[in-house]
>>> print(open('model19.txt').read())   # compact mmCIF, C-alpha atoms and all ligand atoms
# COMPACT_ATOMS: atom_id res chain seq x y z
CA MET A 28 -11.51 -16.20 -18.27
CA ARG A 29 -13.38 -13.00 -19.11
CA ALA A 30 -11.25 -9.83 -19.37
CA GLY A 31 -14.05 -7.84 -17.72
CA ARG A 32 -13.58 -9.43 -14.28
CA PRO A 33 -12.22 -6.95 -11.72
CA ILE A 34 -8.87 -6.89 -9.95
CA GLY A 35 -9.28 -7.04 -6.16
CA VAL A 36 -7.29 -4.66 -3.96
CA PHE A 37 -7.38 -4.61 -0.16
CA ASP A 38 -5.86 -2.82 2.79
CA SER A 39 -6.65 -2.42 6.48
CA GLY A 40 -8.33 0.85 5.52
CA VAL A 41 -7.92 3.82 3.23
CA GLY A 42 -4.12 3.60 2.86
CA GLY A 43 -4.28 1.21 -0.08
CA LEU A 44 -5.89 3.99 -2.11
CA SER A 45 -2.28 5.18 -2.64
CA ILE A 46 -1.67 1.90 -4.49
CA LEU A 47 -5.05 1.93 -6.24
CA ARG A 48 -4.29 5.40 -7.62
CA ALA A 49 -1.13 4.06 -9.29
CA LEU A 50 -2.93 0.89 -10.47
CA ARG A 51 -5.65 2.89 -12.20
CA ALA A 52 -3.03 5.04 -13.90
CA GLU A 53 -1.09 1.98 -15.10
CA LEU A 54 -4.16 -0.10 -16.05
CA PRO A 55 -6.78 2.54 -16.91
CA HIS A 56 -9.19 0.16 -18.65
CA GLU A 57 -9.31 -2.39 -15.82
CA HIS A 58 -12.19 -2.69 -13.37
CA PHE A 59 -11.18 -2.66 -9.68
CA VAL A 60 -12.89 -3.60 -6.45
CA TYR A 61 -11.26 -1.99 -3.42
CA PHE A 62 -11.88 -3.44 0.06
CA ALA A 63 -11.06 -1.20 3.05
CA ASP A 64 -11.04 -3.29 6.22
CA SER A 65 -11.51 -0.22 8.42
CA GLY A 66 -13.83 -2.13 10.76
CA HIS A 67 -10.91 -4.36 11.77
CA ALA A 68 -8.06 -1.84 11.55
CA PRO A 69 -5.35 -0.95 12.29
CA TYR A 70 -3.45 -4.10 11.37
CA GLY A 71 0.00 -2.83 12.28
CA GLU A 72 -0.40 -3.07 16.03
CA ARG A 73 -2.49 -6.25 16.09
CA ASP A 74 -1.18 -9.79 16.38
CA GLU A 75 -0.26 -11.68 13.24
CA ALA A 76 -3.13 -14.20 13.65
CA HIS A 77 -5.68 -11.37 13.33
CA VAL A 78 -4.06 -10.05 10.13
CA ILE A 79 -3.88 -13.56 8.64
CA ALA A 80 -7.53 -14.29 9.47
CA ARG A 81 -8.70 -11.00 7.95
CA SER A 82 -6.56 -11.47 4.82
CA ARG A 83 -8.03 -14.94 4.29
CA ALA A 84 -11.62 -13.77 4.83
CA ILE A 85 -11.28 -10.77 2.50
CA THR A 86 -9.67 -12.84 -0.27
CA ALA A 87 -12.46 -15.42 -0.04
CA GLN A 88 -15.10 -12.67 -0.12
CA LEU A 89 -13.53 -10.88 -3.10
CA ARG A 90 -13.43 -14.17 -5.03
CA ALA A 91 -16.96 -15.30 -4.10
CA GLU A 92 -18.77 -11.99 -4.45
CA HIS A 93 -16.77 -10.20 -7.14
CA GLY A 94 -15.06 -12.98 -9.11
CA ILE A 95 -11.71 -11.19 -9.06
CA LYS A 96 -9.10 -12.26 -11.64
CA ALA A 97 -6.09 -11.08 -9.55
CA LEU A 98 -5.44 -9.71 -6.08
CA VAL A 99 -3.25 -6.82 -4.96
CA ILE A 100 -2.53 -6.78 -1.23
CA ALA A 101 -2.15 -3.01 -0.89
CA CYS A 102 -0.87 -3.30 2.67
CA ASN A 103 2.69 -3.95 3.82
CA THR A 104 1.55 -5.47 7.12
CA ALA A 105 -0.86 -7.94 5.49
CA THR A 106 1.69 -8.83 2.82
CA ALA A 107 4.32 -9.62 5.45
CA ALA A 108 1.90 -11.76 7.46
CA ALA A 109 -0.13 -13.52 4.80
CA VAL A 110 1.10 -13.33 1.19
CA HIS A 111 2.81 -16.75 1.32
CA LEU A 112 -0.32 -18.39 2.80
CA LEU A 113 -2.70 -16.75 0.32
CA ARG A 114 -0.50 -17.80 -2.63
CA ALA A 115 -0.45 -21.38 -1.37
CA GLU A 116 -4.22 -21.40 -0.80
CA HIS A 117 -5.12 -19.74 -4.13
CA PRO A 118 -2.62 -21.20 -6.61
CA ASN A 119 -4.61 -20.05 -9.66
CA LEU A 120 -5.04 -16.45 -8.53
CA PRO A 121 -2.18 -14.05 -9.34
CA ILE A 122 -1.38 -12.28 -6.05
CA ILE A 123 0.78 -9.17 -5.84
CA GLY A 124 2.07 -7.95 -2.47
CA VAL A 125 3.83 -4.78 -1.35
CA GLU A 126 6.96 -4.35 0.74
CA PRO A 127 8.82 -1.28 1.97
CA ALA A 128 10.88 0.09 -0.95
CA LEU A 129 14.32 -0.54 0.56
CA LYS A 130 15.91 -1.67 -2.70
CA PRO A 131 14.96 1.47 -4.68
CA ALA A 132 16.15 3.55 -1.70
CA VAL A 133 19.62 1.96 -1.87
CA GLY A 134 19.84 3.06 -5.51
CA LEU A 135 18.85 6.64 -4.68
CA THR A 136 20.66 7.56 -1.45
CA ARG A 137 23.78 9.69 -1.71
CA THR A 138 24.69 9.72 1.98
CA GLY A 139 24.15 5.98 2.38
CA ARG A 140 21.74 6.55 5.27
CA ILE A 141 18.07 5.62 4.87
CA GLY A 142 15.15 6.00 7.27
CA VAL A 143 12.26 3.54 7.20
CA LEU A 144 8.82 4.33 8.61
CA ALA A 145 6.47 1.35 8.85
CA THR A 146 4.10 -0.43 11.21
CA ARG A 147 5.31 -2.49 14.13
CA GLY A 148 3.85 -5.59 12.41
CA THR A 149 5.82 -5.02 9.19
CA LEU A 150 9.10 -4.24 10.96
CA GLY A 151 8.78 -7.24 13.26
CA SER A 152 8.07 -9.72 10.45
CA ALA A 153 10.39 -12.44 9.18
CA LYS A 154 9.82 -11.14 5.64
CA PHE A 155 11.16 -7.69 6.56
CA ALA A 156 14.14 -9.21 8.40
CA ALA A 157 15.01 -11.16 5.24
CA LEU A 158 14.70 -8.05 3.07
CA LEU A 159 16.96 -6.08 5.40
CA ALA A 160 19.51 -8.92 5.51
CA SER A 161 19.56 -9.12 1.70
CA LEU A 162 20.75 -5.48 1.58
CA SER A 163 23.30 -5.76 4.35
CA GLY A 164 26.35 -3.57 3.75
CA LEU A 165 24.75 -1.58 0.91
CA ALA A 166 23.39 1.23 3.11
CA GLU A 167 22.69 2.02 6.73
CA PHE A 168 18.98 1.67 7.59
CA THR A 169 17.29 3.16 10.65
CA VAL A 170 13.81 1.76 11.16
CA GLN A 171 11.00 3.37 13.12
CA PRO A 172 7.68 1.72 14.08
CA CYS A 173 4.96 4.35 13.83
CA ASP A 174 2.24 3.30 16.30
CA GLY A 175 -0.94 5.30 15.79
CA LEU A 176 0.06 7.03 12.55
CA ALA A 177 -2.02 4.89 10.15
CA ASP A 178 -4.97 5.24 12.52
CA ALA A 179 -4.61 9.04 12.64
CA ILE A 180 -4.49 9.13 8.81
CA GLU A 181 -7.52 6.84 8.70
CA ARG A 182 -9.41 9.31 10.91
CA GLN A 183 -7.94 12.40 9.19
CA GLU A 184 -6.78 13.83 12.53
CA ALA A 185 -4.38 16.47 11.23
CA ALA A 186 -2.98 17.62 14.58
CA LYS A 187 -2.19 14.03 15.58
CA ILE A 188 -0.64 13.22 12.18
CA ILE A 189 1.65 16.26 12.49
CA ALA A 190 2.64 15.40 16.08
CA LEU A 191 3.39 11.74 15.27
CA CYS A 192 5.32 12.58 12.09
CA GLY A 193 7.44 14.99 14.15
CA GLN A 194 8.02 12.48 16.93
CA TYR A 195 8.91 9.58 14.62
CA THR A 196 11.18 11.45 12.21
CA MET A 197 13.02 12.98 15.16
CA GLY A 198 13.44 9.49 16.59
CA ILE A 199 15.25 8.32 13.45
CA GLY A 200 18.10 10.83 13.48
CA ARG A 201 19.34 13.87 11.56
CA PHE A 202 18.06 14.43 8.05
CA GLY A 203 20.02 16.26 5.37
CA LEU A 204 22.44 15.87 2.49
CA LYS A 205 25.68 16.01 4.51
CA PRO A 206 27.72 12.86 5.21
CA GLY A 207 26.19 10.91 8.08
CA GLN A 208 22.74 12.41 7.58
CA ILE A 209 19.61 10.61 6.35
CA ASP A 210 18.72 11.81 2.85
CA THR A 211 16.09 9.17 1.94
CA LEU A 212 12.92 8.16 3.77
CA VAL A 213 11.03 4.99 2.88
CA LEU A 214 7.28 5.24 3.50
CA GLY A 215 6.78 1.57 4.36
CA CYS A 216 3.04 1.65 5.02
CA THR A 217 0.52 2.45 2.32
CA HIS A 218 -1.19 5.03 4.56
CA TYR A 219 1.93 7.19 4.86
CA PRO A 220 1.98 8.73 1.35
CA PHE A 221 -1.13 10.56 2.54
CA ALA A 222 1.02 12.26 5.23
CA LYS A 223 3.62 13.38 2.70
CA GLU A 224 2.74 17.07 2.87
CA TYR A 225 3.30 17.06 6.65
CA LEU A 226 6.57 15.13 6.34
CA ARG A 227 7.73 17.52 3.61
CA ALA A 228 6.98 20.51 5.87
CA LEU A 229 8.99 18.89 8.68
CA LEU A 230 12.00 17.65 6.69
CA GLY A 231 12.32 20.20 3.87
CA PRO A 232 12.53 19.86 0.10
CA ALA A 233 15.85 17.97 -0.17
CA ILE A 234 14.83 14.67 1.42
CA GLN A 235 13.61 11.96 -0.96
CA PHE A 236 10.43 10.09 0.00
CA ILE A 237 9.95 6.65 -1.50
CA ASP A 238 6.69 4.78 -1.72
CA THR A 239 5.64 1.76 -3.70
CA GLY A 240 2.59 2.72 -5.74
CA GLU A 241 4.14 2.96 -9.20
CA PRO A 242 6.50 -0.05 -9.03
CA VAL A 243 3.66 -2.22 -7.67
CA ALA A 244 1.38 -1.07 -10.49
CA ARG A 245 4.03 -1.89 -13.12
CA HIS A 246 4.65 -5.28 -11.51
CA THR A 247 0.90 -5.98 -11.51
CA ARG A 248 0.68 -5.34 -15.27
CA GLN A 249 3.69 -7.64 -15.88
CA LEU A 250 2.33 -10.42 -13.69
CA LEU A 251 -1.09 -10.29 -15.38
CA MET A 252 0.60 -10.60 -18.76
CA THR A 253 2.95 -13.43 -17.81
CA SER A 254 0.05 -15.25 -16.10
CA HIS A 255 -1.98 -14.91 -19.34
CA ILE A 256 -4.79 -13.09 -17.53
CA PRO A 257 -6.82 -11.27 -20.19
CA LEU A 258 -6.80 -7.47 -19.85
CA GLN A 259 -9.51 -5.02 -20.82
CA ASN A 260 -8.61 -3.26 -24.11
CA ALA A 261 -5.36 -5.19 -24.19
CA ASP A 262 -4.45 -3.70 -27.57
CA ALA A 263 -4.69 -0.11 -26.35
CA PRO A 264 -1.25 1.50 -25.86
CA ALA A 265 0.04 1.37 -22.29
CA VAL A 266 0.21 5.13 -22.00
CA SER A 267 -1.46 7.16 -19.31
CA CYS A 268 -5.01 8.11 -20.11
CA LYS A 269 -8.06 8.88 -18.05
CA PRO A 270 -9.22 5.66 -16.32
CA THR A 271 -12.32 4.22 -17.98
CA GLY A 272 -12.57 1.06 -15.85
CA HIS A 273 -15.29 0.70 -13.24
CA LEU A 274 -14.45 1.07 -9.53
CA THR A 275 -16.35 -0.64 -6.72
CA LEU A 276 -15.60 0.44 -3.15
CA VAL A 277 -16.36 -1.83 -0.18
CA SER A 278 -15.73 -1.04 3.50
CA SER A 279 -16.09 -3.02 6.71
CA GLY A 280 -16.00 0.29 8.62
CA ALA A 281 -17.80 3.58 8.20
CA PRO A 282 -18.67 3.92 4.47
CA ALA A 283 -18.49 7.72 4.74
CA ALA A 284 -14.77 7.60 5.65
CA LEU A 285 -13.82 5.60 2.53
CA LYS A 286 -16.10 7.73 0.34
CA ALA A 287 -14.45 10.93 1.62
CA ALA A 288 -10.94 9.47 1.21
CA ALA A 289 -11.63 8.40 -2.40
CA GLN A 290 -12.99 11.85 -3.12
CA ARG A 291 -10.03 13.58 -1.48
CA TRP A 292 -7.19 11.45 -2.84
CA LEU A 293 -8.54 10.04 -6.10
CA GLY A 294 -10.97 12.80 -7.03
CA LEU A 295 -13.74 10.20 -7.34
CA ALA A 296 -17.31 10.35 -6.07
CA VAL A 297 -18.12 6.64 -5.83
CA PRO A 298 -20.73 5.03 -3.55
CA VAL A 299 -19.38 2.68 -0.88
CA HIS A 300 -20.90 -0.75 -0.17
CA ALA A 301 -20.92 -1.62 3.52
CA THR A 302 -19.87 -5.11 4.59
CA HIS A 303 -19.02 -6.70 7.92
N1 LIG A 401 -1.63 0.33 5.35
C1 LIG A 401 -1.08 -0.75 6.06
C2 LIG A 401 0.36 -1.07 5.66
O1 LIG A 401 0.75 -0.78 4.56
C3 LIG A 401 -1.29 -0.92 7.52
C4 LIG A 401 -1.85 0.16 8.37
C5 LIG A 401 -2.39 -0.44 9.65
O2 LIG A 401 -3.53 -0.89 9.60
O3 LIG A 401 -1.69 -0.47 10.66
O4 LIG A 401 1.10 -1.64 6.43
>>> encode(input="model19.txt", output="structure tokens", more="lines below")
Ligand code: DGL
Amino acid sequence: MRAGRPIGVFDSGVGGLSILRALRAELPHEHFVYFADSGHAPYGERDEAHVIARSRAITAQLRAEHGIKALVIACNTATAAAVHLLRAEHPNLPIIGVEPALKPAVGLTRTGRIGVLATRGTLGSAKFAALLASLSGLAEFTVQPCDGLADAIERQEAAKIIALCGQYTMGIGRFGLKPGQIDTLVLGCTHYPFAKEYLRALLGPAIQFIDTGEPVARHTRQLLMTSHIPLQNADAPAVSCKPTGHLTLVSSGAPAALKAAAQRWLGLAVPVHATH
């Protein structure tokens, strides 16, 4: 296999750019192709069959048209619905998924109370139920489905993002560092890190926000190495440097929205290829 083949990354829309940002920092010499499925989003409030069908179609397209050497599902909802199927259907393709960072949150909370914001699809999945059960007794989790929040972030509707963040954090309970209060908030959807500034303004500086970008990027590097997938400039030290790898952006929705999001959040002016 050639080292120069890209790593595929997909999400229902622009949220997975929060994972891509960490991937490019961890693997700066790698080429990436990012697929935003904005034309079929949001995933979180759709039925599981839709998310599975889209995940299958995107994986097939990334393999056929871009020859990807690995796949990162940069979407909690799609991971919960489809990662097991995609792994079974593509046994030779290393596939990395994301899940809400409940385990790291258990290690960080002082009050023992953790809030979890995620999509309805993620929170209702068997995979999430198993994750929650595996941590039973280690902390108290309060989960909150956030209908409409990923969509508002996708559309950059600031007033709606602020209103929904207020409504959903209030619905979880009291935040703070005192006993009985929630001191840690898991951002269990890859869109939500892009609402961090609004959440910070609502909840104050003391609350810890946990997302999955960096651990997923580290895990991706490890999996590529243990799967013997050749890396670009494999001998270069694994320290942060300016990414030199090529980035291809593909969107099934409005190309301008992905272009603007990549500019805003990654500081990159990259053309977007439209697909269906
Ligand atoms: N960004 C996705 C996630 O991590 C889903 C957002 C959506 O389309 O509902 O779950």
>>> residues_near_ligand(input="model19.txt", ligand="ligand LIG 401 (chain A)", cutoff="9 Å", atoms="all atoms listed in the file", output="MDAnalysis selection string")
chainID A and resid 38:43 64:65 67:73 100:107 125:127 145:149 173:178 181 214:219
>>> write_last_selection(input="model19.txt", atoms="C-alpha atoms", output="mmCIF file, in the coordinates of the input")
data_model
loop_
_atom_site.group_PDB
_atom_site.id
_atom_site.type_symbol
_atom_site.label_atom_id
_atom_site.label_comp_id
_atom_site.auth_asym_id
_atom_site.auth_seq_id
_atom_site.Cartn_x
_atom_site.Cartn_y
_atom_site.Cartn_z
ATOM 1 C CA ASP A 38 -5.860 -2.820 2.790
ATOM 2 C CA SER A 39 -6.650 -2.420 6.480
ATOM 3 C CA GLY A 40 -8.330 0.850 5.520
ATOM 4 C CA VAL A 41 -7.920 3.820 3.230
ATOM 5 C CA GLY A 42 -4.120 3.600 2.860
ATOM 6 C CA GLY A 43 -4.280 1.210 -0.080
ATOM 7 C CA ASP A 64 -11.040 -3.290 6.220
ATOM 8 C CA SER A 65 -11.510 -0.220 8.420
ATOM 9 C CA HIS A 67 -10.910 -4.360 11.770
ATOM 10 C CA ALA A 68 -8.060 -1.840 11.550
ATOM 11 C CA PRO A 69 -5.350 -0.950 12.290
ATOM 12 C CA TYR A 70 -3.450 -4.100 11.370
ATOM 13 C CA GLY A 71 0.000 -2.830 12.280
ATOM 14 C CA GLU A 72 -0.400 -3.070 16.030
ATOM 15 C CA ARG A 73 -2.490 -6.250 16.090
ATOM 16 C CA ILE A 100 -2.530 -6.780 -1.230
ATOM 17 C CA ALA A 101 -2.150 -3.010 -0.890
ATOM 18 C CA CYS A 102 -0.870 -3.300 2.670
ATOM 19 C CA ASN A 103 2.690 -3.950 3.820
ATOM 20 C CA THR A 104 1.550 -5.470 7.120
ATOM 21 C CA ALA A 105 -0.860 -7.940 5.490
ATOM 22 C CA THR A 106 1.690 -8.830 2.820
ATOM 23 C CA ALA A 107 4.320 -9.620 5.450
ATOM 24 C CA VAL A 125 3.830 -4.780 -1.350
ATOM 25 C CA GLU A 126 6.960 -4.350 0.740
ATOM 26 C CA PRO A 127 8.820 -1.280 1.970
ATOM 27 C CA ALA A 145 6.470 1.350 8.850
ATOM 28 C CA THR A 146 4.100 -0.430 11.210
ATOM 29 C CA ARG A 147 5.310 -2.490 14.130
ATOM 30 C CA GLY A 148 3.850 -5.590 12.410
ATOM 31 C CA THR A 149 5.820 -5.020 9.190
ATOM 32 C CA CYS A 173 4.960 4.350 13.830
ATOM 33 C CA ASP A 174 2.240 3.300 16.300
ATOM 34 C CA GLY A 175 -0.940 5.300 15.790
ATOM 35 C CA LEU A 176 0.060 7.030 12.550
ATOM 36 C CA ALA A 177 -2.020 4.890 10.150
ATOM 37 C CA ASP A 178 -4.970 5.240 12.520
ATOM 38 C CA GLU A 181 -7.520 6.840 8.700
ATOM 39 C CA LEU A 214 7.280 5.240 3.500
ATOM 40 C CA GLY A 215 6.780 1.570 4.360
ATOM 41 C CA CYS A 216 3.040 1.650 5.020
ATOM 42 C CA THR A 217 0.520 2.450 2.320
ATOM 43 C CA HIS A 218 -1.190 5.030 4.560
ATOM 44 C CA TYR A 219 1.930 7.190 4.860
#
>>> closest_residue(input="model19.txt", among="A:His300, A:His117, A:Lys223, A:Arg291", to="Tyr61 in chain A", atoms="all atoms listed in the file")
A:His300
>>> axis_aligned_box(input="model19.txt", around="range 140-150 of chain A", padding_each_side="3 Å", output="lines of an AutoDock Vina configuration file")
center_x = 12.8
center_y = 0.5
center_z = 9.5
size_x = 23.9
size_y = 18.1
size_z = 15.3
>>> residues_around(input="model19.txt", residues="range 246-257 of chain A", least_positions_apart="3", cutoff="9 Å", atoms="all atoms listed in the file", output="JSON, numbers by chain")
{"A": [28, 29, 30, 31, 50, 53, 54, 96, 97, 99, 121, 122, 123, 241, 242, 243, 261]}
>>> residues_near_point(input="model19.txt", point="(19.8, 3.1, 11.0)", cutoff="8 Å", atoms="only C-alpha atoms", output="PyMOL selection string")
chain A and resi 140-142+167-170+199
>>> atom_distance(input="model19.txt", atom1="CA of Glu116 in chain A", atom2="CA of Ser82 in chain A")
11.6 Å
>>> closest_residue(input="model19.txt", among="A:Leu204, A:Leu98, A:Ile46, A:Ala233", to="Arg83 in chain A", atoms="only C-alpha atoms")
A:Leu98
>>> atom_distance(input="model19.txt", atom1="CA of Ile234 in chain A", atom2="CA of Val133 in chain A")
14.0 Å
>>> closest_residue(input="model19.txt", among="A:Lys286, A:Leu212, A:Leu113, A:Phe155", to="Leu135 in chain A", atoms="only C-alpha atoms")
A:Leu212
>>> closest_residue(input="model19.txt", among="A:Pro118, A:Val213, A:Ala288, A:Asn260", to="Ile180 in chain A", atoms="all atoms listed in the file")
A:Ala288
>>> closest_residue(input="model19.txt", among="A:Leu230, A:Val143, A:Phe236, A:Ala153", to="Pro172 in chain A", atoms="all atoms listed in the file")
A:Val143
>>> closest_residue(input="model19.txt", among="A:Thr138, A:Gln259, A:Ala222, A:Pro206", to="Ala186 in chain A", atoms="all atoms listed in the file")
A:Ala222
>>> atom_distance(input="model19.txt", atom1="CA of Pro282 in chain A", atom2="CA of Phe37 in chain A")
14.9 Å
>>> residues_near_point(input="model19.txt", point="(-13.2, -9.0, -9.3)", cutoff="7 Å", atoms="all atoms listed in the file", output="short mmCIF file (atom, residue, chain, number, x, y, z; two decimals) with C-alpha atoms, keeping the file's coordinate frame")
data_model
loop_
_atom_site.label_atom_id
_atom_site.label_comp_id
_atom_site.auth_asym_id
_atom_site.auth_seq_id
_atom_site.Cartn_x
_atom_site.Cartn_y
_atom_site.Cartn_z
CA ARG A 32 -13.58 -9.43 -14.28
CA PRO A 33 -12.22 -6.95 -11.72
CA ILE A 34 -8.87 -6.89 -9.95
CA GLY A 35 -9.28 -7.04 -6.16
CA PHE A 59 -11.18 -2.66 -9.68
CA VAL A 60 -12.89 -3.60 -6.45
CA LEU A 89 -13.53 -10.88 -3.10
CA ARG A 90 -13.43 -14.17 -5.03
CA HIS A 93 -16.77 -10.20 -7.14
CA GLY A 94 -15.06 -12.98 -9.11
CA ILE A 95 -11.71 -11.19 -9.06
CA LYS A 96 -9.10 -12.26 -11.64
#
>>> decode(input="model19.txt", residues="range 222-239 of chain A", atoms="N, CA and C atoms", output="compact mmCIF listing (two decimals), in the first residue's frame")
# COMPACT_ATOMS: atom_id res chain seq x y z
N ALA A 222 -19.52 25.13 19.85
CA ALA A 222 -20.41 25.99 20.66
C ALA A 222 -19.76 26.27 22.02
N LYS A 223 -18.49 25.91 22.15
CA LYS A 223 -17.82 26.00 23.45
C LYS A 223 -17.84 27.41 24.03
N GLU A 224 -17.63 28.40 23.16
CA GLU A 224 -17.56 29.78 23.70
C GLU A 224 -18.91 30.18 24.32
N TYR A 225 -20.00 29.70 23.73
CA TYR A 225 -21.32 30.04 24.28
C TYR A 225 -21.56 29.27 25.58
N LEU A 226 -21.14 28.01 25.62
CA LEU A 226 -21.30 27.21 26.84
C LEU A 226 -20.45 27.80 27.96
N ARG A 227 -19.25 28.23 27.60
CA ARG A 227 -18.35 28.83 28.60
C ARG A 227 -18.99 30.08 29.19
N ALA A 228 -19.60 30.91 28.32
CA ALA A 228 -20.24 32.14 28.80
C ALA A 228 -21.41 31.81 29.73
N LEU A 229 -22.10 30.70 29.46
CA LEU A 229 -23.26 30.34 30.29
C LEU A 229 -22.84 29.72 31.62
N LEU A 230 -21.79 28.88 31.59
CA LEU A 230 -21.48 28.05 32.77
C LEU A 230 -20.29 28.54 33.58
N GLY A 231 -19.54 29.50 33.04
CA GLY A 231 -18.40 30.05 33.79
C GLY A 231 -17.13 29.26 33.60
N PRO A 232 -16.02 29.79 34.13
CA PRO A 232 -14.70 29.24 33.84
C PRO A 232 -14.38 27.92 34.56
N ALA A 233 -15.13 27.59 35.61
CA ALA A 233 -14.71 26.44 36.45
C ALA A 233 -15.12 25.08 35.87
N ILE A 234 -16.12 25.08 35.01
CA ILE A 234 -16.64 23.79 34.52
C ILE A 234 -15.72 23.23 33.43
N GLN A 235 -15.43 21.93 33.53
CA GLN A 235 -14.55 21.30 32.53
C GLN A 235 -15.39 20.78 31.38
N PHE A 236 -14.99 21.09 30.16
CA PHE A 236 -15.65 20.57 28.95
C PHE A 236 -14.75 19.49 28.36
N ILE A 237 -15.36 18.37 27.99
CA ILE A 237 -14.54 17.28 27.46
C ILE A 237 -15.03 16.88 26.08
N ASP A 238 -14.12 16.96 25.12
CA ASP A 238 -14.46 16.44 23.79
C ASP A 238 -13.41 15.41 23.40
N THR A 239 -13.58 14.86 22.19
CA THR A 239 -12.82 13.65 21.88
C THR A 239 -11.73 13.82 20.82
